[in-house]
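Written out below as structure tokens is the structure these notes cover.
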Amino acid sequence: MDNAKPYVPTELGTENVLTLLVRYAIPAIIAMAAASTYNIIDSIFVGQGVGDMAISGMAVASPFMNLSTALGAMVGVGASTVISVRLGQGKYDVAQHVLGNTISLNIVIGVLFTLACLPFMDPILTLFGASEATLPYARDYMRVIILGNVITHSYFGLNAVLRSAGHPRTAMYCTFLTIILNTILDPLFIFTFKWGIEGAAWATILSQAVALCVQLKLFSRKNELLHLRRGIYRLKADIVRQTLAIGMSPFLVNSCSCLVVLVCNNRLLQYGGDMAIGAYGIVNRVLFFFVTIVIGLIQGMQPIVGYNWGAHLNQRVWAVLRYGMIGGSIVTTCAFLTAEFIPETVIRIFGAGPELTEMSVHGFRIIAAMFPIVGIQMVIGNFFQSIGHAGKSIFLSLTRQLLFLVPLLTLLPMWWGLDGVLWAMPASDIISFFVACGMLLWQMKHIKAHTPQTENTKR
């Protein structure tokens with residue numbers, strides 16, 4: 001072992017909960033919001049530099065890209081949760097091996113995904129709703145993204161580990177670095193080099209590659225509690241099993257999102273054509289900006305919840321959950337207010353034409369109709385993930401995006417056409433919200449019944 005005294009984030013179990021949540025969540029929120037902003041920036045540059053059909057092409061490629069990201073999130077989120085719990089238990093050597101296994105898993109899964117998808121690019125994109133007009137754009141964009149798949153996986157995975165290792169600000173700075181580089185490279189590649197939509201994809205991958213180098217340099221420091229060293233990269237069955245079991249929840253969330261967008265794109269193509277897909281893509285990017293803020297809040301919660309759960313400080317766990325639900329609801333309520341009062345102002349930023357703008361505004365108002373409760377449902381689902389109850393988190397992920405939404409996407413358009421596709425989303429939000437609340441109430445009763453009266457209740 002190294003002689004240098006490692007940094008141990010013991011304040012996770014002792015400091016005021018609200019103070020901790022602000023300290024950990026704010027950097028993650030800023031990082032996630034900034035990451036979402038660079039996706040919006042991509043769309044703006046593509047819309048202004050290539051055109052409306054290119055926006056629709058990106059909308060078609062988006063779920064395929066999210067599926068790639070889902071695999072990285074599965075490893076990163078799973079590993080960060082395991083690390084948080086092990087640090088809370090004082091098992092630092094195990095946490096060290098989780099870091100090494102995170103790197104190895106991301107490389108293996110990333111390579112396999114690339115080899116599996118690259119030869120079948122056109123059929124996959126057609127399945128996701130690409131038409132003859134949008135397929136060339138979607139193909140050019142995704143070819144580059146898939147080739148850089150390992151970089152994307154590793155970047156997202158190590159950023160999650162950084163937060164659990166007590167470096168939330170460093171994770172935020174890495175995200176900032178990708179955004180700054182992407183914002184510089186986008187216009188350079190699209191307008192100056194005339195690379196079109198491929199330029200946006202190359203800007204994304206190269207930006208993440210630079211940030212990944214920074215992460216690897218940080219984890220190479222031997223005075224860090226978690227650092228790169230020999231003997232930690234060989235995959236261990238127990239670590240892989242725990243990582244994938246916990247990370248399966250965000251993977252299913254993203255995978256279900258891909259399936260939902262697949263179904264949604266095909267229904268939109270049927271009832272509204274390529275422009276309807278482009279409009280949905282724009283609305284998705286705007287709403288995802290607010291969703292990523294909630295995700296940032298959840299990422300800030302995760303190490304605090306995981307550490308205190310591992311240390312059996314359940315009262316502190318409940319305090320984090322309460323603050324998280326309040327914060328999540330406030331953020332998604334802001335999305336609802338934006339959609340209802342200033343939708344056209346927001347949509348026009350993308351440089352879309354009149355028809356695409358009109359369809360986007362209409363869809364924005366409908367899809368965001370029940371958004372105030374979405375933040376609460378997201379926090380509850382990820383709370384179960386943070387305490388290691390992966391099955392419950394997976395179930396909640398499936399209810400909102402698969403069990404309820406897909407049938408509604410099939411049934412409602414039969415009566416209301418294009419509006420039926422749009423109204424299926426808020427209808428699913430309502431049902432899944434009540435299911436999540438019911439599960440949380442049961443879990444609260446169970447945990448409180450097993451919480452010792454002598455437990456440290458310091459907040």
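Following the order of the structure tokens, chains are lettered A, B, ..., residues in each are numbered from 1, and ligands are numbered from 1.
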
List every residue of region 23-77 of chain A that has an atom at most 7 Å from any atom of region 296-300 of chain A, and for each one report the closest atom pair and its distance in Å to one decimal, counting only C-alpha atoms, with rows sorted by chain and then by increasing residue number, as CSV.
```
residue,atom,partner,partner_atom,distance
A:Tyr24,CA,A:Gly300,CA,4.6
A:Ala25,CA,A:Gly300,CA,3.7
A:Ala28,CA,A:Gly296,CA,4.6
A:Ile29,CA,A:Gly296,CA,3.9
A:Met32,CA,A:Gly296,CA,5.6
```

Please build the interface table for region 288-319 of chain A against region 62-82 of chain A with a cut-off of 9 Å, listing for each qualifying residue the nearest atom pair and the distance in Å to one decimal; count only C-alpha atoms, order rows by chain and increasing number, and write it as a tab-separated table.
```
residue	atom	partner	partner_atom	distance
A:Gln299	CA	A:Val77	CA	8.8
A:Gln302	CA	A:Thr81	CA	7.0
A:Pro303	CA	A:Thr81	CA	6.8
A:Gly306	CA	A:Thr81	CA	6.3
A:Tyr307	CA	A:Thr81	CA	8.8
```

Kindly export the residues of the current selection with C-alpha atoms, as a PDB file, in the first residue's frame.
```
ATOM      1  CA  GLN A 299     -25.978  11.934  -8.770  1.00  0.00           C
ATOM      2  CA  GLN A 302     -26.138   8.883  -4.625  1.00  0.00           C
ATOM      3  CA  PRO A 303     -22.811   8.912  -2.717  1.00  0.00           C
ATOM      4  CA  GLY A 306     -24.959   4.983  -0.434  1.00  0.00           C
ATOM      5  CA  TYR A 307     -22.428   5.894   2.270  1.00  0.00           C
TER       6      TYR A 307
END
```

Can you tell me which residues surround Trp195 (chain A) at a distance of at most 10 Å, considering only C-alpha atoms, apart from same-chain residues fewer than 6 positions away, and format the answer as a PyMOL selection string? chain A and resi 50+140+186-189+201-202

How about saving the chosen residues, C-alpha atoms kept, as a PDB file, in the first residue's frame?
```pdb
ATOM      1  CA  VAL A  50     -27.254  21.581 -42.504  1.00  0.00           C
ATOM      2  CA  ASP A 140     -23.257   9.746 -41.127  1.00  0.00           C
ATOM      3  CA  ASP A 186     -18.789  22.140 -33.800  1.00  0.00           C
ATOM      4  CA  PRO A 187     -18.659  25.323 -35.928  1.00  0.00           C
ATOM      5  CA  LEU A 188     -15.100  24.511 -37.002  1.00  0.00           C
ATOM      6  CA  PHE A 189     -16.005  21.082 -38.343  1.00  0.00           C
ATOM      7  CA  ALA A 201     -20.284  13.710 -34.175  1.00  0.00           C
ATOM      8  CA  TRP A 202     -16.491  14.130 -34.383  1.00  0.00           C
TER       9      TRP A 202
END
```

Residues at most 10 Å from Asn16 (chain A), counting only C-alpha atoms, excluding those fewer than 3 positions away in the same chain, as a short mmCIF file (atom, residue, chain, number, x, y, z; two decimals) with N, CA and C atoms, in the first residue's frame?
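And here is the file that came out, out_9.cif:
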```cif
data_model
loop_
_atom_site.label_atom_id
_atom_site.label_comp_id
_atom_site.auth_asym_id
_atom_site.auth_seq_id
_atom_site.Cartn_x
_atom_site.Cartn_y
_atom_site.Cartn_z
N GLU A 11 -16.94 12.86 5.82
CA GLU A 11 -17.98 13.85 6.07
C GLU A 11 -19.33 13.40 5.54
N LEU A 12 -19.34 12.40 4.65
CA LEU A 12 -20.60 11.88 4.14
C LEU A 12 -21.48 11.31 5.25
N GLY A 13 -20.86 10.87 6.33
CA GLY A 13 -21.63 10.31 7.43
C GLY A 13 -21.78 11.20 8.63
N THR A 19 -26.31 20.49 3.67
CA THR A 19 -25.03 21.07 3.23
C THR A 19 -24.30 20.13 2.29
N LEU A 20 -24.28 18.84 2.66
CA LEU A 20 -23.65 17.84 1.81
C LEU A 20 -24.32 17.74 0.45
N LEU A 21 -25.65 17.73 0.47
CA LEU A 21 -26.40 17.58 -0.78
C LEU A 21 -26.12 18.75 -1.72
N ARG A 316 -30.37 9.78 8.24
CA ARG A 316 -29.72 10.66 7.27
C ARG A 316 -30.12 10.29 5.84
N ALA A 319 -33.43 11.92 5.18
CA ALA A 319 -33.31 13.37 5.00
C ALA A 319 -32.87 13.71 3.58
N LYS A 458 -27.85 12.71 13.55
CA LYS A 458 -27.25 14.00 13.21
C LYS A 458 -27.46 14.30 11.74
N ARG A 459 -27.90 15.54 11.46
CA ARG A 459 -28.15 15.95 10.09
C ARG A 459 -27.37 17.20 9.78
#
```

Alpha helix (DSSP H) per DSSP on the backbone: members of region 279-413 of chain A, as number ranges by chain: A: 279-310, 314-341, 343-347, 354-367, 374-386, 390-398, 405-413

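Every protein or nucleic acid residue with an atom no more than 8 Å from Phe364 (chain A), counting only C-alpha atoms and leaving out same-chain residues fewer than 2 positions away, appears here: Val283, Ala339, Pro343, Ser360, Val361, His362, Ile366, Ile367 and Ala368 of chain A.
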
Write the residues of the preceding selection, restricted to C-alpha atoms, as a PDB file, in the first residue's frame.
```
ATOM      1  CA  VAL A 283     -38.850  18.930 -27.646  1.00  0.00           C
ATOM      2  CA  ALA A 339     -43.680  24.726 -22.062  1.00  0.00           C
ATOM      3  CA  PRO A 343     -42.527  27.515 -25.841  1.00  0.00           C
ATOM      4  CA  SER A 360     -42.611  21.569 -31.892  1.00  0.00           C
ATOM      5  CA  VAL A 361     -44.545  24.171 -29.874  1.00  0.00           C
ATOM      6  CA  HIS A 362     -47.717  22.077 -30.002  1.00  0.00           C
ATOM      7  CA  ILE A 366     -48.690  18.405 -24.442  1.00  0.00           C
ATOM      8  CA  ILE A 367     -45.640  16.320 -23.507  1.00  0.00           C
ATOM      9  CA  ALA A 368     -44.778  18.587 -20.534  1.00  0.00           C
TER      10      ALA A 368
END
```

Gly420 (chain A) environment, 12 Å, only C-alpha atoms, sequence neighbours closer than 3 positions dropped, as a list in words: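 Residues near the query, excluding close chain neighbours: Cys264, Arg267, Leu268, Tyr271, Gly272, Gly363, Ile366, Ile367, Leu405, Pro407, Leu408, Leu409, Thr410, Leu411, Leu412, Pro413, Met414, Trp415, Trp416, Gly417, Trp423, Ala424, Met425, Pro426 and Ala427 of chain A.
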
Extract, using only C-alpha atoms, all DNA, RNA and protein residues at most 12 Å from Met142 (chain A), discarding same-chain residues fewer than 4 positions from it, and format them as a PyMOL selection string. chain A and resi 57-68+114+117-122+124-125+135-138+146-149+197-202+204-205

Suppose we keep N, CA and C atoms; can you now write the selection as an mmCIF file, in the first residue's frame?
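Now in part_37.cif:
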```cif
data_model
loop_
_atom_site.group_PDB
_atom_site.id
_atom_site.type_symbol
_atom_site.label_atom_id
_atom_site.label_comp_id
_atom_site.auth_asym_id
_atom_site.auth_seq_id
_atom_site.Cartn_x
_atom_site.Cartn_y
_atom_site.Cartn_z
ATOM 1 N N GLY A 57 -32.781 13.758 -38.776
ATOM 2 C CA GLY A 57 -31.825 12.654 -38.792
ATOM 3 C C GLY A 57 -31.189 12.436 -37.433
ATOM 4 N N MET A 58 -30.850 13.528 -36.751
ATOM 5 C CA MET A 58 -30.295 13.419 -35.398
ATOM 6 C C MET A 58 -31.338 12.863 -34.439
ATOM 7 N N ALA A 59 -32.597 13.252 -34.628
ATOM 8 C CA ALA A 59 -33.671 12.739 -33.769
ATOM 9 C C ALA A 59 -33.819 11.230 -33.935
ATOM 10 N N VAL A 60 -33.664 10.745 -35.163
ATOM 11 C CA VAL A 60 -33.723 9.309 -35.417
ATOM 12 C C VAL A 60 -32.532 8.601 -34.777
ATOM 13 N N ALA A 61 -31.342 9.214 -34.875
ATOM 14 C CA ALA A 61 -30.119 8.612 -34.342
ATOM 15 C C ALA A 61 -30.051 8.680 -32.828
ATOM 16 N N SER A 62 -30.786 9.612 -32.244
ATOM 17 C CA SER A 62 -30.700 9.853 -30.800
ATOM 18 C C SER A 62 -30.937 8.618 -29.941
ATOM 19 N N PRO A 63 -32.002 7.829 -30.170
ATOM 20 C CA PRO A 63 -32.189 6.648 -29.322
ATOM 21 C C PRO A 63 -31.091 5.610 -29.481
ATOM 22 N N PHE A 64 -30.553 5.489 -30.689
ATOM 23 C CA PHE A 64 -29.442 4.567 -30.927
ATOM 24 C C PHE A 64 -28.215 5.030 -30.141
ATOM 25 N N MET A 65 -27.974 6.326 -30.167
ATOM 26 C CA MET A 65 -26.865 6.898 -29.406
ATOM 27 C C MET A 65 -27.092 6.702 -27.903
ATOM 28 N N ASN A 66 -28.343 6.878 -27.469
ATOM 29 C CA ASN A 66 -28.655 6.701 -26.052
ATOM 30 C C ASN A 66 -28.456 5.260 -25.607
ATOM 31 N N LEU A 67 -28.691 4.330 -26.504
ATOM 32 C CA LEU A 67 -28.463 2.926 -26.177
ATOM 33 C C LEU A 67 -26.988 2.677 -25.906
ATOM 34 N N SER A 68 -26.135 3.315 -26.676
ATOM 35 C CA SER A 68 -24.696 3.227 -26.446
ATOM 36 C C SER A 68 -24.336 3.836 -25.098
ATOM 37 N N THR A 114 -19.667 -1.952 -30.481
ATOM 38 C CA THR A 114 -19.247 -1.424 -31.780
ATOM 39 C C THR A 114 -19.249 -2.508 -32.844
ATOM 40 N N CYS A 117 -22.895 -3.549 -33.800
ATOM 41 C CA CYS A 117 -23.807 -2.581 -34.426
ATOM 42 C C CYS A 117 -23.317 -2.001 -35.752
ATOM 43 N N LEU A 118 -22.016 -1.854 -35.891
ATOM 44 C CA LEU A 118 -21.492 -1.157 -37.066
ATOM 45 C C LEU A 118 -21.905 -1.801 -38.396
ATOM 46 N N PRO A 119 -21.896 -3.133 -38.519
ATOM 47 C CA PRO A 119 -22.282 -3.724 -39.817
ATOM 48 C C PRO A 119 -23.774 -3.602 -40.129
ATOM 49 N N PHE A 120 -24.588 -3.319 -39.131
ATOM 50 C CA PHE A 120 -26.042 -3.297 -39.326
ATOM 51 C C PHE A 120 -26.635 -1.899 -39.110
ATOM 52 N N MET A 121 -25.851 -0.883 -39.415
ATOM 53 C CA MET A 121 -26.235 0.496 -39.135
ATOM 54 C C MET A 121 -27.554 0.885 -39.825
ATOM 55 N N ASP A 122 -27.666 0.642 -41.108
ATOM 56 C CA ASP A 122 -28.864 1.063 -41.846
ATOM 57 C C ASP A 122 -30.137 0.379 -41.354
ATOM 58 N N ILE A 124 -30.778 -0.844 -38.423
ATOM 59 C CA ILE A 124 -31.087 -0.367 -37.069
ATOM 60 C C ILE A 124 -31.716 1.018 -37.131
ATOM 61 N N LEU A 125 -31.139 1.914 -37.928
ATOM 62 C CA LEU A 125 -31.668 3.271 -38.037
ATOM 63 C C LEU A 125 -33.045 3.279 -38.695
ATOM 64 N N LEU A 135 -32.295 8.999 -43.492
ATOM 65 C CA LEU A 135 -31.307 7.942 -43.266
ATOM 66 C C LEU A 135 -29.868 8.371 -43.531
ATOM 67 N N PRO A 136 -29.560 9.076 -44.620
ATOM 68 C CA PRO A 136 -28.163 9.474 -44.854
ATOM 69 C C PRO A 136 -27.589 10.325 -43.719
ATOM 70 N N TYR A 137 -28.398 11.250 -43.175
ATOM 71 C CA TYR A 137 -27.932 12.087 -42.069
ATOM 72 C C TYR A 137 -27.707 11.259 -40.804
ATOM 73 N N ALA A 138 -28.671 10.404 -40.489
ATOM 74 C CA ALA A 138 -28.564 9.576 -39.290
ATOM 75 C C ALA A 138 -27.368 8.635 -39.389
ATOM 76 N N ILE A 146 -20.508 5.528 -33.070
ATOM 77 C CA ILE A 146 -20.256 4.117 -32.757
ATOM 78 C C ILE A 146 -18.764 3.806 -32.752
ATOM 79 N N LEU A 147 -18.010 4.398 -33.678
ATOM 80 C CA LEU A 147 -16.556 4.177 -33.709
ATOM 81 C C LEU A 147 -15.885 4.710 -32.445
ATOM 82 N N GLY A 148 -16.464 5.741 -31.845
ATOM 83 C CA GLY A 148 -15.906 6.305 -30.615
ATOM 84 C C GLY A 148 -16.582 5.798 -29.354
ATOM 85 N N ASN A 149 -17.265 4.672 -29.486
ATOM 86 C CA ASN A 149 -18.087 4.137 -28.404
ATOM 87 C C ASN A 149 -17.308 3.861 -27.116
ATOM 88 N N ILE A 197 -23.085 16.964 -40.791
ATOM 89 C CA ILE A 197 -23.518 16.348 -39.536
ATOM 90 C C ILE A 197 -22.426 15.462 -38.934
ATOM 91 N N GLU A 198 -21.536 14.933 -39.783
ATOM 92 C CA GLU A 198 -20.397 14.169 -39.267
ATOM 93 C C GLU A 198 -19.504 15.039 -38.392
ATOM 94 N N GLY A 199 -19.414 16.310 -38.708
ATOM 95 C CA GLY A 199 -18.594 17.217 -37.916
ATOM 96 C C GLY A 199 -19.081 17.313 -36.483
ATOM 97 N N ALA A 200 -20.408 17.329 -36.296
ATOM 98 C CA ALA A 200 -20.965 17.379 -34.948
ATOM 99 C C ALA A 200 -20.600 16.118 -34.167
ATOM 100 N N ALA A 201 -20.632 14.971 -34.837
ATOM 101 C CA ALA A 201 -20.284 13.710 -34.175
ATOM 102 C C ALA A 201 -18.807 13.669 -33.782
ATOM 103 N N TRP A 202 -17.926 14.106 -34.697
ATOM 104 C CA TRP A 202 -16.491 14.130 -34.383
ATOM 105 C C TRP A 202 -16.189 15.096 -33.246
ATOM 106 N N THR A 204 -18.103 15.749 -30.728
ATOM 107 C CA THR A 204 -18.507 15.080 -29.490
ATOM 108 C C THR A 204 -17.458 14.074 -29.033
ATOM 109 N N ILE A 205 -17.006 13.213 -29.932
ATOM 110 C CA ILE A 205 -16.062 12.148 -29.562
ATOM 111 C C ILE A 205 -14.695 12.720 -29.157
#
```
